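The file model07.cif comes next; it holds mmCIF, C-alpha atoms, pLDDT in the B column; chains and numbers go by the auth columns.
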data_upload
#
loop_
_atom_site.group_PDB
_atom_site.id
_atom_site.type_symbol
_atom_site.label_atom_id
_atom_site.label_comp_id
_atom_site.label_asym_id
_atom_site.label_seq_id
_atom_site.Cartn_x
_atom_site.Cartn_y
_atom_site.Cartn_z
_atom_site.B_iso_or_equiv
_atom_site.auth_seq_id
_atom_site.auth_asym_id
ATOM 1 C CA SER A 1 -46.421 -0.875 10.700 66.00 127 U
ATOM 2 C CA GLU A 2 -46.028 -4.641 10.835 63.00 128 U
ATOM 3 C CA PHE A 3 -43.296 -4.446 13.476 60.00 129 U
ATOM 4 C CA ASP A 4 -45.379 -1.967 15.511 66.00 130 U
ATOM 5 C CA VAL A 5 -48.337 -4.334 15.395 66.00 131 U
ATOM 6 C CA TYR A 6 -46.259 -7.366 16.442 66.00 132 U
ATOM 7 C CA ASP A 7 -44.896 -5.316 19.335 64.00 133 U
ATOM 8 C CA MET A 8 -48.475 -4.400 20.194 69.00 134 U
ATOM 9 C CA LEU A 9 -49.505 -8.088 20.251 67.00 135 U
ATOM 10 C CA ASN A 10 -46.635 -8.965 22.561 67.00 136 U
ATOM 11 C CA SER A 11 -47.085 -6.017 24.907 68.00 137 U
ATOM 12 C CA SER A 12 -48.834 -6.182 28.253 65.00 138 U
ATOM 13 C CA THR A 13 -50.596 -2.903 27.391 66.00 139 U
ATOM 14 C CA THR A 14 -52.262 -2.885 24.011 72.00 140 U
ATOM 15 C CA TYR A 15 -53.182 0.434 22.418 76.00 141 U
ATOM 16 C CA VAL A 16 -55.365 0.511 19.344 83.00 142 U
ATOM 17 C CA ASP A 17 -56.275 3.728 17.566 89.00 143 U
ATOM 18 C CA ILE A 18 -59.842 3.021 16.476 94.00 144 U
ATOM 19 C CA SER A 19 -61.201 5.527 13.981 96.00 145 U
ATOM 20 C CA SER A 20 -63.453 5.607 10.939 97.00 146 U
ATOM 21 C CA HIS A 21 -61.967 4.538 7.592 98.00 147 U
ATOM 22 C CA PRO A 22 -63.504 3.934 4.147 98.00 148 U
ATOM 23 C CA ILE A 23 -63.163 0.157 3.833 98.00 149 U
ATOM 24 C CA HIS A 24 -62.856 0.140 0.043 98.00 150 U
ATOM 25 C CA LYS A 25 -59.857 2.474 0.196 98.00 151 U
ATOM 26 C CA VAL A 26 -58.279 0.453 3.025 98.00 152 U
ATOM 27 C CA ILE A 27 -58.634 -2.746 0.962 98.00 153 U
ATOM 28 C CA LEU A 28 -57.124 -1.106 -2.139 97.00 154 U
ATOM 29 C CA LEU A 29 -54.190 0.258 -0.147 97.00 155 U
ATOM 30 C CA GLY A 30 -53.628 -3.193 1.342 96.00 156 U
ATOM 31 C CA MET A 31 -53.698 -4.783 -2.126 97.00 157 U
ATOM 32 C CA ASN A 32 -51.078 -2.440 -3.578 95.00 158 U
ATOM 33 C CA THR A 33 -48.083 -4.614 -2.767 94.00 159 U
ATOM 34 C CA PHE A 34 -49.837 -7.785 -3.961 97.00 160 U
ATOM 35 C CA TRP A 35 -51.181 -6.863 -7.408 96.00 161 U
ATOM 36 C CA LEU A 36 -48.121 -8.175 -9.234 97.00 162 U
ATOM 37 C CA ASP A 37 -48.204 -11.455 -7.272 97.00 163 U
ATOM 38 C CA PHE A 38 -51.852 -12.015 -8.194 98.00 164 U
ATOM 39 C CA LEU A 39 -51.065 -11.162 -11.813 97.00 165 U
ATOM 40 C CA GLU A 40 -48.090 -13.544 -11.948 97.00 166 U
ATOM 41 C CA LYS A 41 -50.298 -16.336 -10.601 97.00 167 U
ATOM 42 C CA GLY A 42 -52.876 -15.571 -13.315 98.00 168 U
ATOM 43 C CA MET A 43 -55.519 -14.626 -10.779 98.00 169 U
ATOM 44 C CA ASN A 44 -58.337 -12.170 -11.333 98.00 170 U
ATOM 45 C CA VAL A 45 -59.204 -9.971 -8.354 98.00 171 U
ATOM 46 C CA TYR A 46 -62.745 -8.599 -8.081 98.00 172 U
ATOM 47 C CA ILE A 47 -63.522 -6.006 -5.413 98.00 173 U
ATOM 48 C CA ASP A 48 -67.106 -4.829 -4.923 98.00 174 U
ATOM 49 C CA GLN A 49 -67.705 -1.114 -4.734 97.00 175 U
ATOM 50 C CA THR A 50 -68.777 0.270 -1.383 97.00 176 U
ATOM 51 C CA LEU A 51 -68.905 3.602 0.404 97.00 177 U
ATOM 52 C CA GLU A 52 -69.030 1.923 3.821 97.00 178 U
ATOM 53 C CA HIS A 53 -66.808 3.112 6.640 97.00 179 U
ATOM 54 C CA VAL A 54 -65.539 0.892 9.440 97.00 180 U
ATOM 55 C CA LEU A 55 -64.165 1.613 12.878 96.00 181 U
ATOM 56 C CA ILE A 56 -60.699 0.023 12.882 97.00 182 U
ATOM 57 C CA ASP A 57 -57.139 0.513 13.956 94.00 183 U
ATOM 58 C CA TYR A 58 -55.597 1.145 10.540 94.00 184 U
ATOM 59 C CA LYS A 59 -52.145 -0.279 11.311 92.00 185 U
ATOM 60 C CA SER A 60 -53.372 -3.568 12.721 92.00 186 U
ATOM 61 C CA PHE A 61 -56.038 -3.981 10.036 96.00 187 U
ATOM 62 C CA SER A 62 -53.390 -3.447 7.349 95.00 188 U
ATOM 63 C CA VAL A 63 -51.427 -6.355 8.828 93.00 189 U
ATOM 64 C CA VAL A 64 -54.600 -8.475 8.726 96.00 190 U
ATOM 65 C CA LEU A 65 -54.994 -7.716 5.024 97.00 191 U
ATOM 66 C CA SER A 66 -51.331 -8.520 4.356 95.00 192 U
ATOM 67 C CA HIS A 67 -51.754 -11.967 5.886 94.00 193 U
ATOM 68 C CA ILE A 68 -54.975 -12.600 3.966 97.00 194 U
ATOM 69 C CA PHE A 69 -53.456 -11.585 0.631 98.00 195 U
ATOM 70 C CA ASP A 70 -50.217 -13.445 1.300 95.00 196 U
ATOM 71 C CA ASN A 71 -52.195 -16.619 2.082 95.00 197 U
ATOM 72 C CA ALA A 72 -54.261 -16.150 -1.069 97.00 198 U
ATOM 73 C CA ILE A 73 -51.102 -15.947 -3.170 96.00 199 U
ATOM 74 C CA LYS A 74 -49.699 -19.124 -1.557 95.00 200 U
ATOM 75 C CA TYR A 75 -52.800 -21.275 -1.386 96.00 201 U
ATOM 76 C CA CYS A 76 -55.161 -20.247 -4.219 97.00 202 U
ATOM 77 C CA CYS A 77 -55.452 -22.243 -7.388 97.00 203 U
ATOM 78 C CA PRO A 78 -53.476 -20.623 -10.239 97.00 204 U
ATOM 79 C CA ASN A 79 -55.607 -18.878 -12.874 97.00 205 U
ATOM 80 C CA SER A 80 -58.611 -18.566 -10.567 98.00 206 U
ATOM 81 C CA ASP A 81 -60.702 -15.703 -9.205 98.00 207 U
ATOM 82 C CA PHE A 82 -60.441 -13.906 -5.866 98.00 208 U
ATOM 83 C CA PHE A 83 -63.552 -12.015 -4.754 98.00 209 U
ATOM 84 C CA ILE A 84 -63.903 -9.354 -2.077 98.00 210 U
ATOM 85 C CA LYS A 85 -67.504 -8.479 -1.227 98.00 211 U
ATOM 86 C CA PHE A 86 -69.166 -6.359 1.420 98.00 212 U
ATOM 87 C CA HIS A 87 -72.446 -6.992 3.242 96.00 213 U
ATOM 88 C CA ARG A 88 -73.964 -4.611 5.781 95.00 214 U
ATOM 89 C CA ASP A 89 -76.556 -5.504 8.359 90.00 215 U
ATOM 90 C CA GLN A 90 -77.813 -3.130 11.037 86.00 216 U
ATOM 91 C CA ASN A 91 -74.718 -3.120 13.236 89.00 217 U
ATOM 92 C CA ARG A 92 -71.959 -4.865 11.347 95.00 218 U
ATOM 93 C CA LEU A 93 -70.124 -4.915 8.057 97.00 219 U
ATOM 94 C CA ALA A 94 -69.010 -8.292 6.723 98.00 220 U
ATOM 95 C CA ILE A 95 -66.030 -8.386 4.388 98.00 221 U
ATOM 96 C CA GLU A 96 -65.994 -11.663 2.450 98.00 222 U
ATOM 97 C CA PHE A 97 -62.901 -13.029 0.739 98.00 223 U
ATOM 98 C CA THR A 98 -63.935 -15.905 -1.529 98.00 224 U
ATOM 99 C CA MET A 99 -61.380 -18.012 -3.380 98.00 225 U
ATOM 100 C CA LEU A 100 -60.665 -21.381 -4.942 98.00 226 U
ATOM 101 C CA SER A 101 -57.937 -22.511 -2.577 97.00 227 U
ATOM 102 C CA LEU A 102 -56.397 -25.627 -1.039 96.00 228 U
ATOM 103 C CA ARG A 103 -58.827 -27.997 0.604 95.00 229 U
ATOM 104 C CA VAL A 104 -59.243 -27.346 4.313 95.00 230 U
ATOM 105 C CA GLY A 105 -60.846 -30.327 6.006 91.00 231 U
ATOM 106 C CA ILE A 106 -63.733 -29.836 8.410 91.00 232 U
ATOM 107 C CA ASN A 107 -61.487 -31.110 11.216 91.00 233 U
ATOM 108 C CA GLU A 108 -58.907 -28.402 10.385 91.00 234 U
ATOM 109 C CA ILE A 109 -61.136 -25.318 10.473 91.00 235 U
ATOM 110 C CA ASP A 110 -60.680 -24.522 14.171 90.00 236 U
ATOM 111 C CA ASN A 111 -57.013 -25.516 14.039 91.00 237 U
ATOM 112 C CA ILE A 112 -56.046 -23.015 11.335 92.00 238 U
ATOM 113 C CA PHE A 113 -56.478 -20.242 13.899 92.00 239 U
ATOM 114 C CA ILE A 114 -54.081 -21.923 16.352 89.00 240 U
ATOM 115 C CA GLU A 115 -50.551 -20.523 16.403 87.00 241 U
ATOM 116 C CA ASN A 116 -47.989 -22.697 14.547 85.00 242 U
ATOM 117 C CA TYR A 117 -50.656 -24.796 12.809 87.00 243 U
ATOM 118 C CA SER A 118 -50.473 -25.240 9.039 86.00 244 U
ATOM 119 C CA GLY A 119 -53.068 -27.044 6.990 87.00 245 U
ATOM 120 C CA GLU A 120 -52.637 -30.638 5.864 88.00 246 U
ATOM 121 C CA TRP A 121 -52.350 -29.827 2.152 91.00 247 U
ATOM 122 C CA ALA A 122 -50.022 -26.886 2.719 87.00 248 U
ATOM 123 C CA GLN A 123 -47.732 -29.246 4.605 83.00 249 U
ATOM 124 C CA LYS A 124 -47.974 -32.023 2.007 87.00 250 U
ATOM 125 C CA LEU A 125 -47.068 -29.569 -0.753 88.00 251 U
ATOM 126 C CA ASP A 126 -44.266 -28.043 1.337 85.00 252 U
ATOM 127 C CA ILE A 127 -45.708 -24.538 0.975 83.00 253 U
ATOM 128 C CA ALA A 128 -46.773 -24.103 4.597 81.00 254 U
ATOM 129 C CA GLY A 129 -45.574 -20.971 6.279 76.00 255 U
ATOM 130 C CA THR A 130 -44.823 -20.617 9.970 78.00 256 U
ATOM 131 C CA GLY A 131 -48.442 -21.146 10.955 77.00 257 U
ATOM 132 C CA ILE A 132 -48.887 -17.724 12.506 79.00 258 U
ATOM 133 C CA GLY A 133 -50.866 -15.862 9.831 86.00 259 U
ATOM 134 C CA MET A 134 -54.397 -16.983 10.647 92.00 260 U
ATOM 135 C CA ASN A 135 -53.696 -16.727 14.375 91.00 261 U
ATOM 136 C CA ILE A 136 -52.528 -13.143 13.954 90.00 262 U
ATOM 137 C CA ILE A 137 -55.571 -12.354 11.804 94.00 263 U
ATOM 138 C CA LYS A 138 -57.882 -13.634 14.537 95.00 264 U
ATOM 139 C CA ARG A 139 -56.064 -11.789 17.326 92.00 265 U
ATOM 140 C CA LEU A 140 -55.929 -8.481 15.439 93.00 266 U
ATOM 141 C CA ILE A 141 -59.552 -8.660 14.331 96.00 267 U
ATOM 142 C CA SER A 142 -60.486 -9.263 17.967 93.00 268 U
ATOM 143 C CA LEU A 143 -58.553 -6.119 18.964 92.00 269 U
ATOM 144 C CA ASN A 144 -60.612 -4.282 16.339 94.00 270 U
ATOM 145 C CA LYS A 145 -63.786 -5.558 18.057 95.00 271 U
ATOM 146 C CA GLY A 146 -64.605 -7.889 15.203 97.00 272 U
ATOM 147 C CA LYS A 147 -64.602 -11.573 14.475 97.00 273 U
ATOM 148 C CA VAL A 148 -63.262 -13.818 11.751 97.00 274 U
ATOM 149 C CA ILE A 149 -65.006 -16.858 10.283 97.00 275 U
ATOM 150 C CA PHE A 150 -63.634 -19.453 7.860 96.00 276 U
ATOM 151 C CA LEU A 151 -66.027 -21.508 5.727 97.00 277 U
ATOM 152 C CA SER A 152 -64.670 -24.399 3.694 96.00 278 U
ATOM 153 C CA ASN A 153 -66.063 -25.954 0.533 97.00 279 U
ATOM 154 C CA ILE A 154 -69.012 -23.562 0.326 97.00 280 U
ATOM 155 C CA GLU A 155 -69.984 -24.884 -3.121 97.00 281 U
ATOM 156 C CA PRO A 156 -69.010 -28.568 -3.301 96.00 282 U
ATOM 157 C CA ASN A 157 -69.771 -28.695 -7.045 97.00 283 U
ATOM 158 C CA ARG A 158 -66.895 -26.220 -7.589 95.00 284 U
ATOM 159 C CA ALA A 159 -64.304 -28.477 -5.901 96.00 285 U
ATOM 160 C CA MET A 160 -61.610 -29.702 -8.274 96.00 286 U
ATOM 161 C CA ASN A 161 -58.240 -31.385 -8.529 95.00 287 U
ATOM 162 C CA LYS A 162 -55.468 -29.717 -10.487 94.00 288 U
ATOM 163 C CA ASN A 163 -52.258 -31.698 -10.905 93.00 289 U
ATOM 164 C CA GLY A 164 -53.338 -33.906 -8.006 94.00 290 U
ATOM 165 C CA ILE A 165 -53.951 -30.947 -5.700 96.00 291 U
ATOM 166 C CA PRO A 166 -57.476 -30.556 -4.240 97.00 292 U
ATOM 167 C CA TYR A 167 -59.002 -27.091 -4.391 97.00 293 U
ATOM 168 C CA GLU A 168 -62.328 -25.978 -2.969 97.00 294 U
ATOM 169 C CA LEU A 169 -64.268 -22.736 -2.877 98.00 295 U
ATOM 170 C CA ASN A 170 -63.458 -21.300 0.554 98.00 296 U
ATOM 171 C CA LYS A 171 -64.538 -18.091 2.228 98.00 297 U
ATOM 172 C CA LEU A 172 -62.930 -15.977 4.939 98.00 298 U
ATOM 173 C CA ILE A 173 -65.333 -13.510 6.536 98.00 299 U
ATOM 174 C CA ILE A 174 -64.346 -10.578 8.708 98.00 300 U
ATOM 175 C CA GLU A 175 -67.188 -8.960 10.630 97.00 301 U
ATOM 176 C CA LEU A 176 -66.657 -5.487 12.014 96.00 302 U
#

If you took the structure in this file and wrote it as structure tokens, what would it be?
Amino acid sequence: SEFDVYDMLNSSTTYVDISSHPIHKVILLGMNTFWLDFLEKGMNVYIDQTLEHVLIDYKSFSVVLSHIFDNAIKYCCPNSDFFIKFHRDQNRLAIEFTMLSLRVGINEIDNIFIENYSGEWAQKLDIAGTGIGMNIIKRLISLNKGKVIFLSNIEPNRAMNKNGIPYELNKLIIEL
């Protein structure tokens, strides 16, 4: 699926198969390959219950989830909590991923969605990836007629340093 989706992103004609999917099941299926990684990092994962359905292209949305979970494994504080919550308004469903993760400065928020950009602390700690994950998330969510929002340091009183590494409560929101 991942190779198909990358081909789709690089093609001049993009085909997405939008259909209705139960979001809770999609999230659980996406988490399957990451449970052990979260466990090894001592992280607790909390997923709200929901019966909501979303209109998505399953393949591309699965790649989005893979990038989100992979980033969480790399950048979250060990022995912390990872929350997935759902909020419905009249026309949209918001999926919120909240985590205690590396500090992302206000000046970096827009940049993290730029291809080949890695955050300052990820670079300092030499754990930065290729800088394509957040860019791919944004592009694929756009193909699914949604948007992605990143909020940093949403509760400043929860910010902390662990072994000289700054962590803050950050939130990634996907609206579909």

Length of the atom CA of U:Phe187 to atom CA of U:Asn270 vector [Å]: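 Interatomic distance here is 7.8 Å.
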
Nearest residue to U:Leu181 from the set U:Gln216, U:Ser206, U:Gln249, U:Ser145 (distances using all atoms listed in the file): U:Ser145

Test item: the PyMOL selection byres ((chain U and resi 207-215) around 8) resolved as a ChimeraX atom specification: /U:169-174,176,205-206,216-226

Picked residues, the PyMOL selection byres ((chain U and resi 294) around 6), as a PyMOL selection string: chain U and resi 226-227+229+279+285+293+295-296

U:Ile299, U:Cys202, U:Leu155, U:Val230 ranked by distance to U:Val189, top pick (using all atoms listed in the file):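 Closest residue, counting all atoms listed in the file: U:Leu155.
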
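Shortest separation to U:Ile232 among U:Ile280, U:Val180, U:Asn287, U:Pro204 occurs at residue U:Ile280, atoms counted being all atoms listed in the file.
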
Selected residue, from U:Ile263, U:Leu191, U:Ile199, U:Ile235, that lies nearest to U:Leu154 when counting all atoms listed in the file: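 Closest to U:Leu154 of all the choices is U:Leu191.
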
Which residue of U:Asn261, U:Ser278, U:Ser192, U:Ser268 approaches U:Gly231 most closely, using all atoms listed in the file: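 Selected residue with least distance to U:Gly231: U:Ser278.
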
Long-range neighbours of U:Lys250 as a PyMOL selection string, 12 Å cut-off, all atoms listed in the file, 5 positions minimum in chain: chain U and resi 228-229+244-245+290-292

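For the residues U:Thr159, U:Pro148, U:Leu277, U:Glu178, ranking by smallest atom-to-atom distance to U:Asp236 using only C-alpha atoms places U:Leu277 first.
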
For stretch 173-184 of chain U, supply all heavy atoms and format the output as a short mmCIF file (atom, residue, chain, number, x, y, z; two decimals), keeping the file's coordinate frame.
data_model
loop_
_atom_site.label_atom_id
_atom_site.label_comp_id
_atom_site.auth_asym_id
_atom_site.auth_seq_id
_atom_site.Cartn_x
_atom_site.Cartn_y
_atom_site.Cartn_z
N ILE U 173 -63.20 -6.69 -6.66
CA ILE U 173 -63.52 -6.01 -5.41
C ILE U 173 -64.81 -5.22 -5.63
O ILE U 173 -64.88 -4.34 -6.49
CB ILE U 173 -62.40 -5.04 -4.98
CG1 ILE U 173 -61.05 -5.77 -4.91
CG2 ILE U 173 -62.74 -4.39 -3.65
CD1 ILE U 173 -59.87 -4.87 -4.67
N ASP U 174 -65.85 -5.57 -4.85
CA ASP U 174 -67.11 -4.83 -4.92
C ASP U 174 -66.87 -3.36 -4.57
O ASP U 174 -65.97 -3.04 -3.79
CB ASP U 174 -68.12 -5.39 -3.92
CG ASP U 174 -68.89 -6.58 -4.45
OD1 ASP U 174 -68.65 -7.00 -5.60
OD2 ASP U 174 -69.73 -7.10 -3.68
N GLN U 175 -67.71 -2.52 -5.11
CA GLN U 175 -67.70 -1.11 -4.73
C GLN U 175 -68.48 -0.96 -3.43
O GLN U 175 -69.46 -1.67 -3.20
CB GLN U 175 -68.36 -0.26 -5.82
CG GLN U 175 -67.57 -0.20 -7.11
CD GLN U 175 -66.24 0.52 -6.93
OE1 GLN U 175 -66.15 1.53 -6.24
NE2 GLN U 175 -65.20 -0.02 -7.55
N THR U 176 -68.04 -0.05 -2.61
CA THR U 176 -68.78 0.27 -1.38
C THR U 176 -68.32 1.63 -0.88
O THR U 176 -67.18 2.03 -1.10
CB THR U 176 -68.59 -0.79 -0.28
OG1 THR U 176 -69.43 -0.46 0.81
CG2 THR U 176 -67.15 -0.87 0.19
N LEU U 177 -69.22 2.32 -0.24
CA LEU U 177 -68.90 3.60 0.40
C LEU U 177 -68.89 3.45 1.92
O LEU U 177 -68.79 4.43 2.64
CB LEU U 177 -69.93 4.67 -0.01
CG LEU U 177 -69.97 4.99 -1.51
CD1 LEU U 177 -71.10 5.96 -1.82
CD2 LEU U 177 -68.63 5.55 -1.98
N GLU U 178 -68.98 2.20 2.38
CA GLU U 178 -69.03 1.92 3.82
C GLU U 178 -67.75 2.35 4.52
O GLU U 178 -66.65 2.26 3.97
CB GLU U 178 -69.24 0.43 4.07
CG GLU U 178 -70.57 -0.09 3.61
CD GLU U 178 -71.72 0.31 4.51
OE1 GLU U 178 -71.47 0.80 5.64
OE2 GLU U 178 -72.86 0.11 4.09
N HIS U 179 -67.92 2.81 5.75
CA HIS U 179 -66.81 3.11 6.64
C HIS U 179 -66.83 2.10 7.78
O HIS U 179 -67.90 1.61 8.17
CB HIS U 179 -66.95 4.53 7.21
CG HIS U 179 -66.50 5.59 6.26
ND1 HIS U 179 -67.14 5.85 5.08
CD2 HIS U 179 -65.46 6.46 6.32
CE1 HIS U 179 -66.53 6.84 4.45
NE2 HIS U 179 -65.50 7.23 5.18
N VAL U 180 -65.65 1.79 8.30
CA VAL U 180 -65.54 0.89 9.44
C VAL U 180 -64.70 1.54 10.52
O VAL U 180 -63.84 2.38 10.24
CB VAL U 180 -64.90 -0.47 9.04
CG1 VAL U 180 -65.86 -1.28 8.19
CG2 VAL U 180 -63.58 -0.29 8.35
N LEU U 181 -64.96 1.14 11.75
CA LEU U 181 -64.17 1.61 12.88
C LEU U 181 -63.07 0.58 13.13
O LEU U 181 -63.35 -0.53 13.60
CB LEU U 181 -65.03 1.79 14.12
CG LEU U 181 -66.09 2.89 14.02
CD1 LEU U 181 -67.02 2.83 15.23
CD2 LEU U 181 -65.43 4.25 13.91
N ILE U 182 -61.83 0.94 12.76
CA ILE U 182 -60.70 0.02 12.88
C ILE U 182 -59.45 0.78 13.31
O ILE U 182 -59.38 2.00 13.18
CB ILE U 182 -60.39 -0.70 11.55
CG1 ILE U 182 -60.14 0.32 10.43
CG2 ILE U 182 -61.48 -1.69 11.19
CD1 ILE U 182 -59.60 -0.26 9.14
N ASP U 183 -58.50 0.02 13.78
CA ASP U 183 -57.14 0.51 13.96
C ASP U 183 -56.44 0.25 12.62
O ASP U 183 -56.25 -0.92 12.24
CB ASP U 183 -56.44 -0.23 15.10
CG ASP U 183 -54.97 0.13 15.19
OD1 ASP U 183 -54.65 1.25 15.60
OD2 ASP U 183 -54.14 -0.74 14.81
N TYR U 184 -56.10 1.29 11.91
CA TYR U 184 -55.60 1.14 10.54
C TYR U 184 -54.35 0.26 10.47
O TYR U 184 -54.25 -0.62 9.62
CB TYR U 184 -55.33 2.51 9.91
CG TYR U 184 -54.85 2.39 8.48
CD1 TYR U 184 -55.76 2.19 7.46
CD2 TYR U 184 -53.49 2.43 8.18
CE1 TYR U 184 -55.34 2.05 6.15
CE2 TYR U 184 -53.06 2.29 6.88
CZ TYR U 184 -53.99 2.09 5.86
OH TYR U 184 -53.56 1.94 4.57
#
